[in-house]
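Student: Provided herewith is a single structure, encoded as structure tokens, for subsequent inquiry.
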Amino acid sequence: MIRQAIGCRLLSLLGLFLATPSFAGAISGSGMNLTGNVETDFPSTSPGIITLENPKYPTTDPLGYLAAHNLSPGWSVKDVRLNYDTSSDTMYVGVNFFGIAGDADNNGVQGTVTAENAAKGMIEYPHLGGRESISLGFDMALQGTPSFLAGVPQDKSQAGTGLDGFKVASYLPTNGGFASSYGAQLQDHQGQLYFDPSAAHPGFEFSIKNFSKFPGYDPANGFGLVLYAGTPDDTLPEEGALFPRVDGGRIPEPTTVLGWSTVLLAGAAWRRSRKGRTSIA
Ligand SMILES: [Ca+2]
Ligand SMILES: [Ca+2]
Ligand SMILES: [Ca+2]
């Protein structure tokens, strides 16, 4: 039943991503002045900014929706914003959470939970520690599976050299889902995570270098994107979002949809198998 429900959700997601914007008109410039506030740094109304809204949440009173469904503003993603800088071949990415990234109990401090919320099973590690992860998979050749990953791995033995263990890495599938499937760091592509999420810098903003140089990438076709945020160690559900084709307009091939479904379902199965587990790895 869970698998069926996820499948249905995927289909509804796919239906909502058919009108995604194009890269035409992307800003060319010399980098960005980042503050850690995604909506400030990646204004949706600016030419070249691509905003991928997470269709799971209503635009009217989303915080009320989150509260009613026991979802955390600190792990729920409102949208993902992209800005490709042609002059430096750098892709800037802003993951825009409803609250402060990683502030699971929404007490305004990423890294601490109130006693009351701790009693409800909410857990926060300093920074993005423990098995906390914000991970994005990029499907550069539209194969239905990530070509590479960028983010903070769930399995910290896979952590990279960036802030909070940020890494741009090859995708090395494991049974743990893509958030714990980081392979070798890709030095030619390793950008940076700009801020450890906090009240002053609530978003998750990073860069990827030499973005056009990934094998198989054709800017005219766009790329796919899959996102994960959260930790399997608390009582909150993890965030997952799928953007099968970021340039849009065309329906992904069925095989592509199937591939993406497999990627997401692998993570779902893994989480189910640990249901009830409360120990901290
Ligand atoms: Ca907190
Ligand atoms: Ca944390
Ligand atoms: Ca969780």
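Identifiers for the structure tokens are assigned positionally: chains receive A, B, ... in sequence, residues are indexed from 1 per chain, and ligands are indexed from 1 in the order shown.
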Would you list the contacts of segment 88-94 of chain A as a ChimeraX atom specification, taking every protein, DNA or RNA residue within 10 Å and counting only C-alpha atoms, but skipping same-chain residues closer than 2 positions in sequence?

Tutor: /A:28-32,34,36-39,41-42,49-51,79-86,96-97,136,150,189,191-193,203-213

Student: Kindly provide, as an mmCIF file with N, CA and C atoms, in the first residue's frame, all nucleotide and amino acid residues lying within 7 Å of ligand 2, counting only C-alpha atoms and all ligand atoms.

Tutor:
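out_3.cif, written as the output of this step:
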```
data_model
loop_
_atom_site.group_PDB
_atom_site.id
_atom_site.type_symbol
_atom_site.label_atom_id
_atom_site.label_comp_id
_atom_site.auth_asym_id
_atom_site.auth_seq_id
_atom_site.Cartn_x
_atom_site.Cartn_y
_atom_site.Cartn_z
ATOM 1 N N GLY A 102 16.932 22.172 8.530
ATOM 2 C CA GLY A 102 17.397 21.308 9.608
ATOM 3 C C GLY A 102 16.855 21.641 10.988
ATOM 4 N N ASP A 103 16.089 22.721 11.077
ATOM 5 C CA ASP A 103 15.477 23.079 12.372
ATOM 6 C C ASP A 103 14.195 22.273 12.518
ATOM 7 N N GLN A 110 18.805 25.802 14.618
ATOM 8 C CA GLN A 110 19.195 24.546 13.984
ATOM 9 C C GLN A 110 20.256 23.904 14.851
ATOM 10 N N GLY A 111 19.961 22.732 15.396
ATOM 11 C CA GLY A 111 20.933 22.035 16.236
ATOM 12 C C GLY A 111 20.432 21.764 17.646
ATOM 13 N N GLU A 124 17.885 16.801 16.785
ATOM 14 C CA GLU A 124 18.712 17.637 15.908
ATOM 15 C C GLU A 124 20.163 17.544 16.349
ATOM 16 N N TYR A 125 21.012 17.275 15.410
ATOM 17 C CA TYR A 125 22.451 17.331 15.643
ATOM 18 C C TYR A 125 22.958 18.715 15.256
ATOM 19 N N PRO A 126 24.043 19.153 15.882
ATOM 20 C CA PRO A 126 24.667 20.393 15.401
ATOM 21 C C PRO A 126 25.030 20.259 13.917
ATOM 22 N N HIS A 127 24.981 21.376 13.228
ATOM 23 C CA HIS A 127 25.295 21.403 11.786
ATOM 24 C C HIS A 127 24.365 20.420 11.064
ATOM 25 N N LEU A 128 24.885 19.670 10.107
ATOM 26 C CA LEU A 128 24.068 18.617 9.502
ATOM 27 C C LEU A 128 24.720 17.294 9.881
ATOM 28 N N GLY A 129 24.739 17.044 11.175
ATOM 29 C CA GLY A 129 25.438 15.887 11.710
ATOM 30 C C GLY A 129 24.561 14.651 11.786
ATOM 31 N N GLU A 132 21.626 13.310 9.425
ATOM 32 C CA GLU A 132 20.930 14.395 8.753
ATOM 33 C C GLU A 132 21.540 14.606 7.365
#
```

Student: Once you count only C-alpha atoms and all ligand atoms, which residues end up within 12 Å of ligand 1, and could you hand them over as a ChimeraX atom specification?

Tutor: /A:72-75,99-118,122-128,197-199,202

Student: Got a sec to tell me which of segment 202-235 of chain A DSSP assigns to strand (DSSP E or B), as a list in words?

Tutor: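 Reading the DSSP output for segment 202-235 of chain A, strand (DSSP E or B) covers Phe204, Glu205, Phe206, Ser207, Ile208, Gly224, Leu225, Val226, Leu227, Tyr228, Ala229 and Gly230 of chain A.
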
Student: Which residue is closest to Asp233 of chain A? Choose from A:Met140, A:Gln154, A:Pro43, A:Leu52 and count only C-alpha atoms.

Tutor: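 For Asp233 of chain A, the nearest of the given residues is A:Gln154.
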
Student: List all protein, DNA and RNA residues that have an atom no more than 8 Å from any atom of ligand 3, counting only C-alpha atoms and all ligand atoms, and report them as a list of chain:residue names.

Tutor: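 Residues lying within 8 Å of ligand 3: A:Gly230, A:Thr231, A:Pro232, A:Asp233, A:Asp234, A:Thr235, A:Leu236, A:Pro237, A:Glu238.
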
Student: Keeping only C-alpha atoms, take the residues you just selected and write them out as a CSV table (one decimal), in the first residue's frame.

Tutor:
```csv
chain,number,residue,atom,x,y,z
A,230,GLY,CA,15.8,14.9,6.7
A,231,THR,CA,17.1,12.0,8.8
A,232,PRO,CA,15.8,8.5,9.4
A,233,ASP,CA,16.6,8.8,13.1
A,234,ASP,CA,13.7,11.0,14.2
A,235,THR,CA,9.9,10.6,14.1
A,236,LEU,CA,9.4,13.1,11.2
A,237,PRO,CA,9.0,11.9,7.7
A,238,GLU,CA,11.8,12.8,5.3
```

Student: Would you mind telling me which residue in A:Val152, A:Ala200, A:Val246, A:Val168 lies nearest to Gly183 of chain A when using only C-alpha atoms?

Tutor: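 Among A:Val152, A:Ala200, A:Val246, A:Val168, it is A:Val168 that comes nearest to Gly183 of chain A.
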
Student: Please measure the separation of atom CA of Ala169 of chain A and atom CA of Asp139 of chain A, giving the value in Å to one decimal.

Tutor: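 It comes out at 12.8 Å.
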
Student: What is the distance between atom CA of Pro47 of chain A and atom CA of Ser87 of chain A, in Å to one decimal?

Tutor: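 Rounded to one decimal, the two atoms are 15.9 Å apart.
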
Student: Quick one: distance from atom CA of Leu71 of chain A to atom CA of Pro173 of chain A in Å, one decimal?

Tutor: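 Separation of atom CA of Leu71 of chain A and atom CA of Pro173 of chain A: 27.8 Å.
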
Student: I'd like to know which of A:Asp164, A:Ala184, A:Lys56, A:Ser46 is closest to His69 of chain A, using only C-alpha atoms.

Tutor: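 Of all the options, A:Lys56 lies closest to His69 of chain A.
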
Student: Please identify the alpha helix (DSSP H) residues within segment 31-215 of chain A (assignment by DSSP from backbone atoms) and present them as JSON, numbers by chain.

Tutor: {"A": [38, 39, 40, 41, 62, 63, 64, 65, 66, 67, 68, 115, 116, 117, 118, 119]}

Student: Create the file for the chosen residues now, containing N, CA and C atoms and written as an mmCIF file, in the first residue's frame.

Tutor:
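The resulting file, out19.cif, is shown below:
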```
data_model
loop_
_atom_site.group_PDB
_atom_site.id
_atom_site.type_symbol
_atom_site.label_atom_id
_atom_site.label_comp_id
_atom_site.auth_asym_id
_atom_site.auth_seq_id
_atom_site.Cartn_x
_atom_site.Cartn_y
_atom_site.Cartn_z
ATOM 1 N N VAL A 38 17.333 32.066 0.420
ATOM 2 C CA VAL A 38 17.126 31.661 -0.967
ATOM 3 C C VAL A 38 16.203 32.631 -1.703
ATOM 4 N N GLU A 39 15.162 33.081 -1.027
ATOM 5 C CA GLU A 39 14.204 33.946 -1.733
ATOM 6 C C GLU A 39 14.809 35.315 -2.029
ATOM 7 N N THR A 40 15.773 35.733 -1.228
ATOM 8 C CA THR A 40 16.496 36.980 -1.502
ATOM 9 C C THR A 40 17.518 36.784 -2.613
ATOM 10 N N ASP A 41 18.221 35.676 -2.551
ATOM 11 C CA ASP A 41 19.343 35.459 -3.463
ATOM 12 C C ASP A 41 18.924 34.948 -4.833
ATOM 13 N N PRO A 62 0.599 27.271 3.637
ATOM 14 C CA PRO A 62 1.393 26.023 3.672
ATOM 15 C C PRO A 62 1.833 25.654 5.086
ATOM 16 N N LEU A 63 2.093 26.651 5.928
ATOM 17 C CA LEU A 63 2.527 26.328 7.297
ATOM 18 C C LEU A 63 1.406 25.658 8.075
ATOM 19 N N GLY A 64 0.185 26.101 7.825
ATOM 20 C CA GLY A 64 -0.959 25.439 8.448
ATOM 21 C C GLY A 64 -1.085 24.002 7.976
ATOM 22 N N TYR A 65 -0.805 23.800 6.690
ATOM 23 C CA TYR A 65 -0.834 22.452 6.119
ATOM 24 C C TYR A 65 0.232 21.577 6.786
ATOM 25 N N LEU A 66 1.436 22.128 6.934
ATOM 26 C CA LEU A 66 2.510 21.352 7.562
ATOM 27 C C LEU A 66 2.128 20.965 8.992
ATOM 28 N N ALA A 67 1.594 21.926 9.732
ATOM 29 C CA ALA A 67 1.216 21.654 11.118
ATOM 30 C C ALA A 67 0.138 20.574 11.193
ATOM 31 N N ALA A 68 -0.830 20.683 10.293
ATOM 32 C CA ALA A 68 -1.941 19.723 10.310
ATOM 33 C C ALA A 68 -1.473 18.311 9.966
ATOM 34 N N ALA A 115 12.845 20.611 25.139
ATOM 35 C CA ALA A 115 12.591 19.372 25.887
ATOM 36 C C ALA A 115 11.256 18.763 25.474
ATOM 37 N N GLU A 116 10.293 19.632 25.267
ATOM 38 C CA GLU A 116 8.957 19.147 24.873
ATOM 39 C C GLU A 116 9.022 18.427 23.524
ATOM 40 N N ASN A 117 9.767 19.013 22.581
ATOM 41 C CA ASN A 117 9.858 18.406 21.249
ATOM 42 C C ASN A 117 10.750 17.170 21.243
ATOM 43 N N ALA A 118 11.753 17.172 22.120
ATOM 44 C CA ALA A 118 12.595 15.980 22.235
ATOM 45 C C ALA A 118 11.748 14.798 22.693
ATOM 46 N N ALA A 119 10.797 15.079 23.582
ATOM 47 C CA ALA A 119 9.916 14.019 24.079
ATOM 48 C C ALA A 119 9.020 13.466 22.973
#
```

Student: Can you pull out the residues contacting Leu242 of chain A? Cut-off 7 Å, using only C-alpha atoms, and skip same-chain residues under 4 positions away; I want them as a PyMOL selection string.

Tutor: chain A and resi 225-227

Student: Have a look at A:His201, A:Lys167, A:Lys120, A:Lys78 and name the one nearest to Ser180 of chain A; count only C-alpha atoms.

Tutor: A:Lys167
